[in-house]
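Read the structure below first, then the notes.
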Amino acid sequence: MSPIDYALLAQRAYSDAPTVGQADSASRMHVYGDVHVFRGTDDLAAWLADLNCDVIAVEGLGKIHKGFYGALAAILPECLDLPRPSAVVGHSLGGAMAIIYGAVLAQLGHVVPVYAFEPPRLCADAAIQDLLAANKVPWFATRNGLDIVTQVPPELSLPGPLTKIGTPSFSLDPIEDHGMGRVIAALAS
């Protein structure tokens with residue numbers, strides 16, 4: 001599969017019922033074939049997870065965004081009970097969750113590619129970056145145009161580089177570049 005195929009799965013997750021978790025929560029994961037996909041922010045619970053920018057120390061993962069980790073931790077046992085995926089994918093909040101999930105899988109000896117579309121920053125130290133690098137986890141994370149979401153919270157970082165795609169929308173809506181439709185269009189061009 002190509003990045004655009006994974007992006008289409010991330011877009012599909014917004015309309016399908018989750019395989020794990022509840023649709024009206026921040027904690028939800030979709031299984032499409034052997035790919036695990038995390039949905040982004042589209043309800044109040046997800047916004048609350050996004051805004052919980054405190055940092056929590058997690059064994060083996062270092063200091064990370066508490067809201068993102070909490071959203072994943074709530075469903076992690078159920079996710080790990082499933083057959084191991086061939087890739088993990090997510091958009092926005094789901095991208096952050098996919099990154100953390102990919103790191104957890106690497107800790108367990110299962111290395112899979114991480115596809116994070118427009119992920120917010122989540123690391124307060126280099127622990128996940130070092131873990132992903134040591135396990136040679138394939139990494140693809142995007143920033144479409146001037147998407148602001150990939151730049152927040154400013155005091156945190158991502159555990160790998162962003163691939164710049166698309167051109168800025170130059171609209172009055174600073175979040176327009178963040179939408180999956182624009183991400184897919186940028187990947188297709």
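By convention in this document, the chains of the structure tokens carry letters A, B, ... by their order, each chain's residues are numbered from 1, and ligands are numbered from 1 in the order they are shown.
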List every residue of stretch 56-155 of chain A that has an atom at most 9 Å from any atom of stretch 24-46 of chain A, and for each one report the closest atom pair and its distance in Å to one decimal, counting only C-alpha atoms, with rows sorted by chain and then by increasing residue number, as a tab-separated table.
```
residue	atom	partner	partner_atom	distance
A:Gly67	CA	A:Ala46	CA	8.8
A:Phe68	CA	A:Ala26	CA	8.7
A:Gly70	CA	A:Ser27	CA	8.3
A:Ala71	CA	A:Ser27	CA	4.7
A:Leu72	CA	A:Ser27	CA	6.0
A:Ala73	CA	A:Ser27	CA	8.2
A:Ala74	CA	A:Ser27	CA	6.4
A:Ile75	CA	A:Ser27	CA	6.2
A:Cys79	CA	A:Met29	CA	7.7
A:Pro83	CA	A:Asp34	CA	7.9
A:Arg84	CA	A:Asp34	CA	7.5
A:Pro85	CA	A:Asp34	CA	4.9
A:Ser86	CA	A:Asp34	CA	5.6
A:Ala87	CA	A:Val35	CA	5.2
A:Val88	CA	A:His36	CA	4.9
A:Val89	CA	A:Val37	CA	4.6
A:Gly90	CA	A:Phe38	CA	4.6
A:His91	CA	A:Gly40	CA	5.2
A:Ser92	CA	A:Gly40	CA	5.0
A:Leu93	CA	A:Gly40	CA	4.5
A:Gly94	CA	A:Phe38	CA	4.3
A:Gly95	CA	A:Phe38	CA	6.9
A:Ala96	CA	A:Phe38	CA	8.8
A:Met97	CA	A:Phe38	CA	6.7
A:Ala98	CA	A:Phe38	CA	6.3
```
Please write the residues from the selection above to a file, keeping C-alpha atoms, as a PDB file, in the first residue's frame.
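The resulting file, selection17.pdb, is reproduced below:
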```pdb
ATOM      1  CA  GLY A  67      -4.159  13.388  26.745  1.00  0.00           C
ATOM      2  CA  PHE A  68      -2.872  11.443  23.746  1.00  0.00           C
ATOM      3  CA  GLY A  70      -4.629   8.496  27.988  1.00  0.00           C
ATOM      4  CA  ALA A  71      -6.755   8.142  24.846  1.00  0.00           C
ATOM      5  CA  LEU A  72      -4.623   5.195  23.711  1.00  0.00           C
ATOM      6  CA  ALA A  73      -4.166   3.635  27.160  1.00  0.00           C
ATOM      7  CA  ALA A  74      -7.947   3.321  27.562  1.00  0.00           C
ATOM      8  CA  ILE A  75      -8.095   0.868  24.629  1.00  0.00           C
ATOM      9  CA  CYS A  79      -5.806  -3.343  20.639  1.00  0.00           C
ATOM     10  CA  PRO A  83      -3.651  -9.913  15.604  1.00  0.00           C
ATOM     11  CA  ARG A  84      -0.622  -7.696  15.092  1.00  0.00           C
ATOM     12  CA  PRO A  85      -1.080  -5.136  12.303  1.00  0.00           C
ATOM     13  CA  SER A  86       0.986  -4.689   9.152  1.00  0.00           C
ATOM     14  CA  ALA A  87       0.886  -0.900   9.677  1.00  0.00           C
ATOM     15  CA  VAL A  88      -0.535   1.686  12.086  1.00  0.00           C
ATOM     16  CA  VAL A  89      -2.212   4.798  10.744  1.00  0.00           C
ATOM     17  CA  GLY A  90      -3.878   7.909  12.096  1.00  0.00           C
ATOM     18  CA  HIS A  91      -4.841  11.490  11.410  1.00  0.00           C
ATOM     19  CA  SER A  92      -4.417  14.358  13.878  1.00  0.00           C
ATOM     20  CA  LEU A  93      -5.114  12.985  17.381  1.00  0.00           C
ATOM     21  CA  GLY A  94      -5.223   9.573  15.693  1.00  0.00           C
ATOM     22  CA  GLY A  95      -1.765  10.245  14.241  1.00  0.00           C
ATOM     23  CA  ALA A  96      -0.396  10.879  17.729  1.00  0.00           C
ATOM     24  CA  MET A  97      -2.060   7.688  18.964  1.00  0.00           C
ATOM     25  CA  ALA A  98      -0.648   5.727  15.995  1.00  0.00           C
TER      26      ALA A  98
END
```
| task | Considering only C-alpha atoms, return as number ranges by chain whatever protein or nucleic-acid residues lie within 9 Å of A:Asp147, sequence-local ones (same chain, fewer than 3 positions apart) excluded. | result | A: 118, 143-144, 150-151, 168, 174-178
| task | Pull the strand (DSSP E or B) assignments for chain A out of DSSP run on the backbone, and list those residues as JSON, numbers by chain. | result | {"A": [20, 21, 28, 29, 30, 31, 32, 35, 36, 37, 38, 55, 56, 57, 58, 62, 63, 64, 65, 87, 88, 89, 90, 91, 114, 115, 116, 117, 123, 139, 140, 141, 142, 143, 144, 157, 163, 164, 165]}
With N, CA and C atoms kept, could you save the residues just selected as a short mmCIF file (atom, residue, chain, number, x, y, z; two decimals), in the first residue's frame?
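The resulting again.cif:
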```cif
data_model
loop_
_atom_site.label_atom_id
_atom_site.label_comp_id
_atom_site.auth_asym_id
_atom_site.auth_seq_id
_atom_site.Cartn_x
_atom_site.Cartn_y
_atom_site.Cartn_z
N VAL A 20 -12.57 -1.05 18.01
CA VAL A 20 -12.26 -1.01 19.44
C VAL A 20 -12.61 0.37 19.95
N GLY A 21 -13.26 0.43 21.10
CA GLY A 21 -13.63 1.71 21.70
C GLY A 21 -15.02 2.16 21.30
N ARG A 28 -10.59 5.27 20.20
CA ARG A 28 -11.20 4.39 19.21
C ARG A 28 -10.20 4.02 18.15
N MET A 29 -10.31 2.77 17.71
CA MET A 29 -9.40 2.25 16.70
C MET A 29 -10.21 1.40 15.72
N HIS A 30 -9.83 1.47 14.46
CA HIS A 30 -10.50 0.75 13.39
C HIS A 30 -9.53 -0.28 12.81
N VAL A 31 -10.04 -1.45 12.47
CA VAL A 31 -9.23 -2.46 11.80
C VAL A 31 -9.74 -2.60 10.38
N TYR A 32 -8.86 -2.36 9.42
CA TYR A 32 -9.17 -2.53 8.00
C TYR A 32 -8.16 -3.53 7.45
N VAL A 35 -4.56 -3.57 8.98
CA VAL A 35 -4.08 -2.23 9.31
C VAL A 35 -4.92 -1.69 10.47
N HIS A 36 -4.25 -1.14 11.47
CA HIS A 36 -4.92 -0.52 12.61
C HIS A 36 -4.91 0.99 12.41
N VAL A 37 -6.10 1.60 12.46
CA VAL A 37 -6.26 3.02 12.13
C VAL A 37 -6.92 3.75 13.30
N PHE A 38 -6.33 4.86 13.69
CA PHE A 38 -6.86 5.68 14.79
C PHE A 38 -7.48 6.95 14.22
N VAL A 55 2.26 16.58 30.75
CA VAL A 55 3.18 15.53 30.32
C VAL A 55 3.16 14.43 31.37
N ILE A 56 3.17 13.18 30.90
CA ILE A 56 3.19 12.03 31.78
C ILE A 56 4.41 11.18 31.43
N ALA A 57 5.07 10.64 32.44
CA ALA A 57 6.21 9.74 32.22
C ALA A 57 5.66 8.32 32.08
N VAL A 58 5.97 7.70 30.96
CA VAL A 58 5.49 6.34 30.67
C VAL A 58 6.71 5.44 30.50
N GLY A 62 9.08 7.37 27.74
CA GLY A 62 9.53 8.68 28.17
C GLY A 62 8.39 9.59 28.57
N LYS A 63 8.62 10.87 28.42
CA LYS A 63 7.65 11.89 28.81
C LYS A 63 6.84 12.29 27.58
N ILE A 64 5.51 12.04 27.65
CA ILE A 64 4.66 12.30 26.50
C ILE A 64 3.37 13.00 26.90
N HIS A 65 2.68 13.52 25.91
CA HIS A 65 1.42 14.24 26.06
C HIS A 65 0.41 13.35 26.77
N ALA A 87 0.58 -2.34 9.61
CA ALA A 87 0.89 -0.90 9.68
C ALA A 87 -0.08 -0.26 10.67
N VAL A 88 0.34 0.88 11.23
CA VAL A 88 -0.54 1.69 12.09
C VAL A 88 -0.66 3.06 11.45
N VAL A 89 -1.88 3.59 11.49
CA VAL A 89 -2.21 4.80 10.74
C VAL A 89 -3.09 5.69 11.61
N GLY A 90 -2.97 6.99 11.42
CA GLY A 90 -3.88 7.91 12.10
C GLY A 90 -3.76 9.30 11.54
N HIS A 91 -4.81 10.09 11.80
CA HIS A 91 -4.84 11.49 11.41
C HIS A 91 -5.04 12.34 12.65
N VAL A 114 4.68 3.30 10.62
CA VAL A 114 3.77 4.28 11.20
C VAL A 114 3.47 5.32 10.13
N TYR A 115 2.17 5.53 9.87
CA TYR A 115 1.70 6.56 8.95
C TYR A 115 0.87 7.54 9.76
N ALA A 116 1.44 8.71 10.02
CA ALA A 116 0.78 9.73 10.84
C ALA A 116 0.52 10.96 9.97
N PHE A 117 -0.73 11.20 9.67
CA PHE A 117 -1.10 12.34 8.84
C PHE A 117 -1.47 13.51 9.73
N CYS A 123 5.98 14.58 22.24
CA CYS A 123 7.12 14.13 23.04
C CYS A 123 7.78 15.28 23.81
N TRP A 139 8.82 5.22 9.10
CA TRP A 139 8.13 6.42 9.57
C TRP A 139 7.70 7.27 8.39
N PHE A 140 6.41 7.64 8.37
CA PHE A 140 5.91 8.59 7.38
C PHE A 140 4.90 9.48 8.09
N ALA A 141 5.25 10.74 8.27
CA ALA A 141 4.37 11.71 8.91
C ALA A 141 4.35 12.97 8.05
N THR A 142 3.17 13.57 7.92
CA THR A 142 3.02 14.68 6.98
C THR A 142 2.69 16.00 7.66
N ARG A 143 3.05 17.06 6.93
CA ARG A 143 2.55 18.41 7.22
C ARG A 143 2.08 18.97 5.89
N ASN A 144 0.78 19.13 5.76
CA ASN A 144 0.20 19.65 4.53
C ASN A 144 0.17 21.18 4.57
N SER A 157 7.60 17.92 20.88
CA SER A 157 8.15 17.64 19.56
C SER A 157 7.58 16.32 19.04
N THR A 163 7.15 15.00 6.53
CA THR A 163 7.25 15.13 5.08
C THR A 163 6.30 16.24 4.67
N LYS A 164 6.83 17.29 4.08
CA LYS A 164 5.99 18.40 3.65
C LYS A 164 5.30 18.03 2.35
N ILE A 165 3.96 18.22 2.35
CA ILE A 165 3.17 17.93 1.16
C ILE A 165 2.26 19.13 0.89
#
```
| task | Would you list, as a count of residues only, the residues of stretch 12-107 of chain A that end up in alpha helix (DSSP H) under DSSP run on this structure's backbone? | result | 38
| query | Interatomic distance between atom CA of A:Val104 and atom CA of A:Thr19? | reply |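 One can read the atom CA of A:Val104 to atom CA of A:Thr19 distance as 19.2 Å.
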